[in-house]
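Q: Handing you this structure, nothing more for now.
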Amino acid sequence: MIDIECVGKFEGDWSKDVTKAKKRCYGDLLTNKNQHEGQTNSEQDVDAETYPMFQKITDALALTDGVKNSTSIVHVQRPMTVFETHQDYLHRWNPENPDSIFRFFIMLEDWQIGHFLHFGNTALTGYKAGEIYKFNWPGVIHCTANASKTPRINLLITGIATDRTYELLAQKKFIVDLDS
């Protein structure tokens, strides 16, 4: 099985949301909000009021958690930080059918030298803004690092696939135009 693969692309302008997320990230550093203990990175929940375009991206993937919509987190990794190797445990989302649980990475800006994402035996480089990566979360150890001078920002969207999610994935390299 592939550790991580590009399954599609979003087209549109989410630059205002990116700017807001980066500003909040650096504000979080000063107030110690929206951070996991011991980390210098910011993770912010997506909501339609704060991040309208990020919410459109999340909604387009049509995931659910069985009760409400999927979770969508804006992850901003500051320069000179590392998120050490770890493994995700998402079985709680649907213990009876863990194969229905999906985790997507949406790249919000183009890759820059010094931005490292590593999934199993795959190093993810050269990505473009808008690309949608499906992560094979069960059993794949992964990590990230930022050795650049600029923040690395992406959306991390997790949930249970719906019929619409499977329809999108059936189209190899699907494109979603957020402006239409």
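A note on labels: chains of the structure tokens are A, B, ... as shown, every chain counts residues from 1, and ligands are counted from 1 in their shown order.
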Find the residues around Phe116 in chain A up to 10 Å (only C-alpha atoms counted), leave out those fewer than 5 positions away in its own chain, and share them as an NGL selection string.
A: :A and (82 or 111 or 123-125 or 143-148 or 152)
Q: Would you kindly return, as number ranges by chain, each protein, DNA or RNA residue with an atom no farther than 12 Å from any atom of Ser15 in chain A, considering only C-alpha atoms and excluding same-chain residues fewer than 3 positions away?
A: A: 11-12, 18-22, 51-54, 108-109, 129-130, 153
Q: Could those residues be written to a file, using all heavy atoms, as a compact mmCIF listing (two decimals), in the first residue's frame?
A:
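Output file selection_1.txt is given in full below:
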# COMPACT_ATOMS: atom_id res chain seq x y z
N GLU A 11 -8.69 24.23 -6.60
CA GLU A 11 -8.35 25.48 -7.29
C GLU A 11 -9.19 26.58 -6.67
O GLU A 11 -10.36 26.38 -6.37
CB GLU A 11 -8.63 25.36 -8.79
CG GLU A 11 -7.74 24.35 -9.47
CD GLU A 11 -8.03 24.20 -10.96
OE1 GLU A 11 -9.11 24.64 -11.42
OE2 GLU A 11 -7.17 23.63 -11.64
N GLY A 12 -8.59 27.74 -6.48
CA GLY A 12 -9.29 28.87 -5.88
C GLY A 12 -8.30 29.76 -5.15
O GLY A 12 -7.09 29.56 -5.24
N VAL A 18 -4.98 31.89 4.69
CA VAL A 18 -3.58 31.57 5.00
C VAL A 18 -2.97 32.70 5.82
O VAL A 18 -2.32 32.46 6.85
CB VAL A 18 -2.76 31.31 3.72
CG1 VAL A 18 -1.27 31.31 4.00
CG2 VAL A 18 -3.17 29.99 3.08
N THR A 19 -3.17 33.92 5.39
CA THR A 19 -2.61 35.08 6.10
C THR A 19 -3.14 35.13 7.53
O THR A 19 -2.38 35.33 8.48
CB THR A 19 -2.95 36.39 5.35
OG1 THR A 19 -2.35 36.31 4.05
CG2 THR A 19 -2.43 37.61 6.09
N LYS A 20 -4.44 34.92 7.69
CA LYS A 20 -5.05 34.95 9.02
C LYS A 20 -4.48 33.83 9.90
O LYS A 20 -4.16 34.05 11.08
CB LYS A 20 -6.57 34.81 8.92
CG LYS A 20 -7.27 34.97 10.25
CD LYS A 20 -8.77 34.79 10.14
CE LYS A 20 -9.37 35.96 9.40
NZ LYS A 20 -10.85 35.90 9.38
N ALA A 21 -4.33 32.63 9.35
CA ALA A 21 -3.81 31.49 10.13
C ALA A 21 -2.38 31.74 10.59
O ALA A 21 -2.02 31.43 11.73
CB ALA A 21 -3.90 30.21 9.31
N LYS A 22 -1.57 32.31 9.71
CA LYS A 22 -0.18 32.59 10.10
C LYS A 22 -0.12 33.66 11.19
O LYS A 22 0.65 33.54 12.13
CB LYS A 22 0.62 33.03 8.88
CG LYS A 22 0.95 31.89 7.94
CD LYS A 22 1.75 32.38 6.75
CE LYS A 22 2.08 31.28 5.78
NZ LYS A 22 2.83 31.79 4.62
N TYR A 51 -12.40 30.93 8.91
CA TYR A 51 -11.71 30.47 7.70
C TYR A 51 -12.72 30.00 6.66
O TYR A 51 -12.89 28.79 6.45
CB TYR A 51 -10.76 29.32 8.04
CG TYR A 51 -9.67 29.70 9.02
CD1 TYR A 51 -9.61 29.13 10.29
CD2 TYR A 51 -8.70 30.62 8.68
CE1 TYR A 51 -8.60 29.46 11.18
CE2 TYR A 51 -7.69 30.96 9.56
CZ TYR A 51 -7.64 30.38 10.81
OH TYR A 51 -6.65 30.72 11.69
N PRO A 52 -13.40 30.90 5.97
CA PRO A 52 -14.46 30.49 5.04
C PRO A 52 -13.96 29.61 3.88
O PRO A 52 -14.64 28.65 3.51
CB PRO A 52 -15.03 31.81 4.53
CG PRO A 52 -14.03 32.85 4.88
CD PRO A 52 -13.28 32.36 6.06
N MET A 53 -12.78 29.90 3.35
CA MET A 53 -12.28 29.07 2.23
C MET A 53 -11.79 27.71 2.73
O MET A 53 -11.99 26.70 2.06
CB MET A 53 -11.18 29.80 1.46
CG MET A 53 -11.70 30.99 0.65
SD MET A 53 -12.98 30.53 -0.56
CE MET A 53 -12.01 29.67 -1.78
N PHE A 54 -11.16 27.68 3.88
CA PHE A 54 -10.74 26.39 4.44
C PHE A 54 -11.96 25.53 4.72
O PHE A 54 -11.92 24.30 4.55
CB PHE A 54 -9.93 26.58 5.73
CG PHE A 54 -8.58 27.23 5.56
CD1 PHE A 54 -7.88 27.64 6.68
CD2 PHE A 54 -8.01 27.44 4.32
CE1 PHE A 54 -6.63 28.23 6.57
CE2 PHE A 54 -6.77 28.04 4.18
CZ PHE A 54 -6.08 28.43 5.33
N LEU A 108 -1.44 24.17 1.36
CA LEU A 108 -2.01 25.50 1.17
C LEU A 108 -1.06 26.48 0.48
O LEU A 108 -1.49 27.53 0.02
CB LEU A 108 -2.47 26.07 2.52
CG LEU A 108 -3.57 25.23 3.18
CD1 LEU A 108 -3.83 25.71 4.59
CD2 LEU A 108 -4.84 25.24 2.34
N GLU A 109 0.21 26.12 0.42
CA GLU A 109 1.21 26.90 -0.31
C GLU A 109 2.16 25.93 -0.98
O GLU A 109 2.27 24.78 -0.58
CB GLU A 109 1.99 27.82 0.64
CG GLU A 109 1.15 28.89 1.28
CD GLU A 109 1.96 29.83 2.16
OE1 GLU A 109 2.83 29.37 2.92
OE2 GLU A 109 1.70 31.03 2.08
N ALA A 129 0.50 24.23 -4.09
CA ALA A 129 -0.67 24.68 -3.34
C ALA A 129 -1.93 24.09 -3.95
O ALA A 129 -2.10 24.06 -5.16
CB ALA A 129 -0.75 26.21 -3.36
N GLY A 130 -2.80 23.59 -3.09
CA GLY A 130 -4.06 23.02 -3.52
C GLY A 130 -4.04 21.51 -3.66
O GLY A 130 -5.10 20.89 -3.75
N ILE A 153 2.38 25.52 5.98
CA ILE A 153 0.98 25.51 6.39
C ILE A 153 0.19 24.51 5.55
O ILE A 153 0.37 24.42 4.34
CB ILE A 153 0.35 26.93 6.31
CG1 ILE A 153 -1.10 26.93 6.78
CG2 ILE A 153 0.52 27.52 4.92
CD1 ILE A 153 -1.68 28.32 6.99
Q: Determine the nearest neighbour of Asn154 in chain A from the options A:Val7, A:Ile113, A:Val46, A:Val76, counting only C-alpha atoms.
A: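 Looking only at the distances to Asn154 in chain A, the closest residue turns out to be A:Val76.
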Q: Using only C-alpha atoms for the distances, tell me which of A:Leu63, A:Leu117, A:Val140, A:Leu178 is nearest to Ser100 in chain A.
A: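 Between A:Leu63, A:Leu117, A:Val140, A:Leu178, the residue approaching Ser100 in chain A most closely is A:Leu63.
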Q: What is the distance between CA of Asp177 in chain A and CA of Asp99 in chain A, in Å to one decimal?
A: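 So the two atoms, CA of Asp177 in chain A and CA of Asp99 in chain A, lie 27.5 Å apart.
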Q: Out of range 31-174 of chain A, which residues get strand (DSSP E or B) from DSSP, as a VMD selection string?
A: chain A and resid 42 to 45 64 69 71 to 77 81 to 86 101 to 107 115 to 119 122 to 124 131 to 135 142 to 146 152 to 160 174
Q: Using only C-alpha atoms, pick whichever of A:Arg24, A:Glu43, A:Ala62, A:His75 has the shortest atom-to-atom distance to Arg164 in chain A.
A: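 The shortest atom-to-atom distance to Arg164 in chain A comes from A:Ala62.
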Q: Nearest to Asp110 in chain A: which of A:Pro98, A:Asp88, A:Ile4, A:Glu131 is it, counting only C-alpha atoms?
A: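 The closest residue to Asp110 in chain A is A:Glu131.
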Q: Report, in Å to a single decimal, how far apart CA of Pro138 in chain A and CA of Ile2 in chain A are.
A: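 Value for the CA of Ile2 in chain A-CA of Pro138 in chain A distance: 11.4 Å.
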Q: Measure the distance from CA of Lys128 in chain A to CA of Asp17 in chain A in Å and round it to one decimal.
A: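 Separation of CA of Lys128 in chain A and CA of Asp17 in chain A: 17.0 Å.
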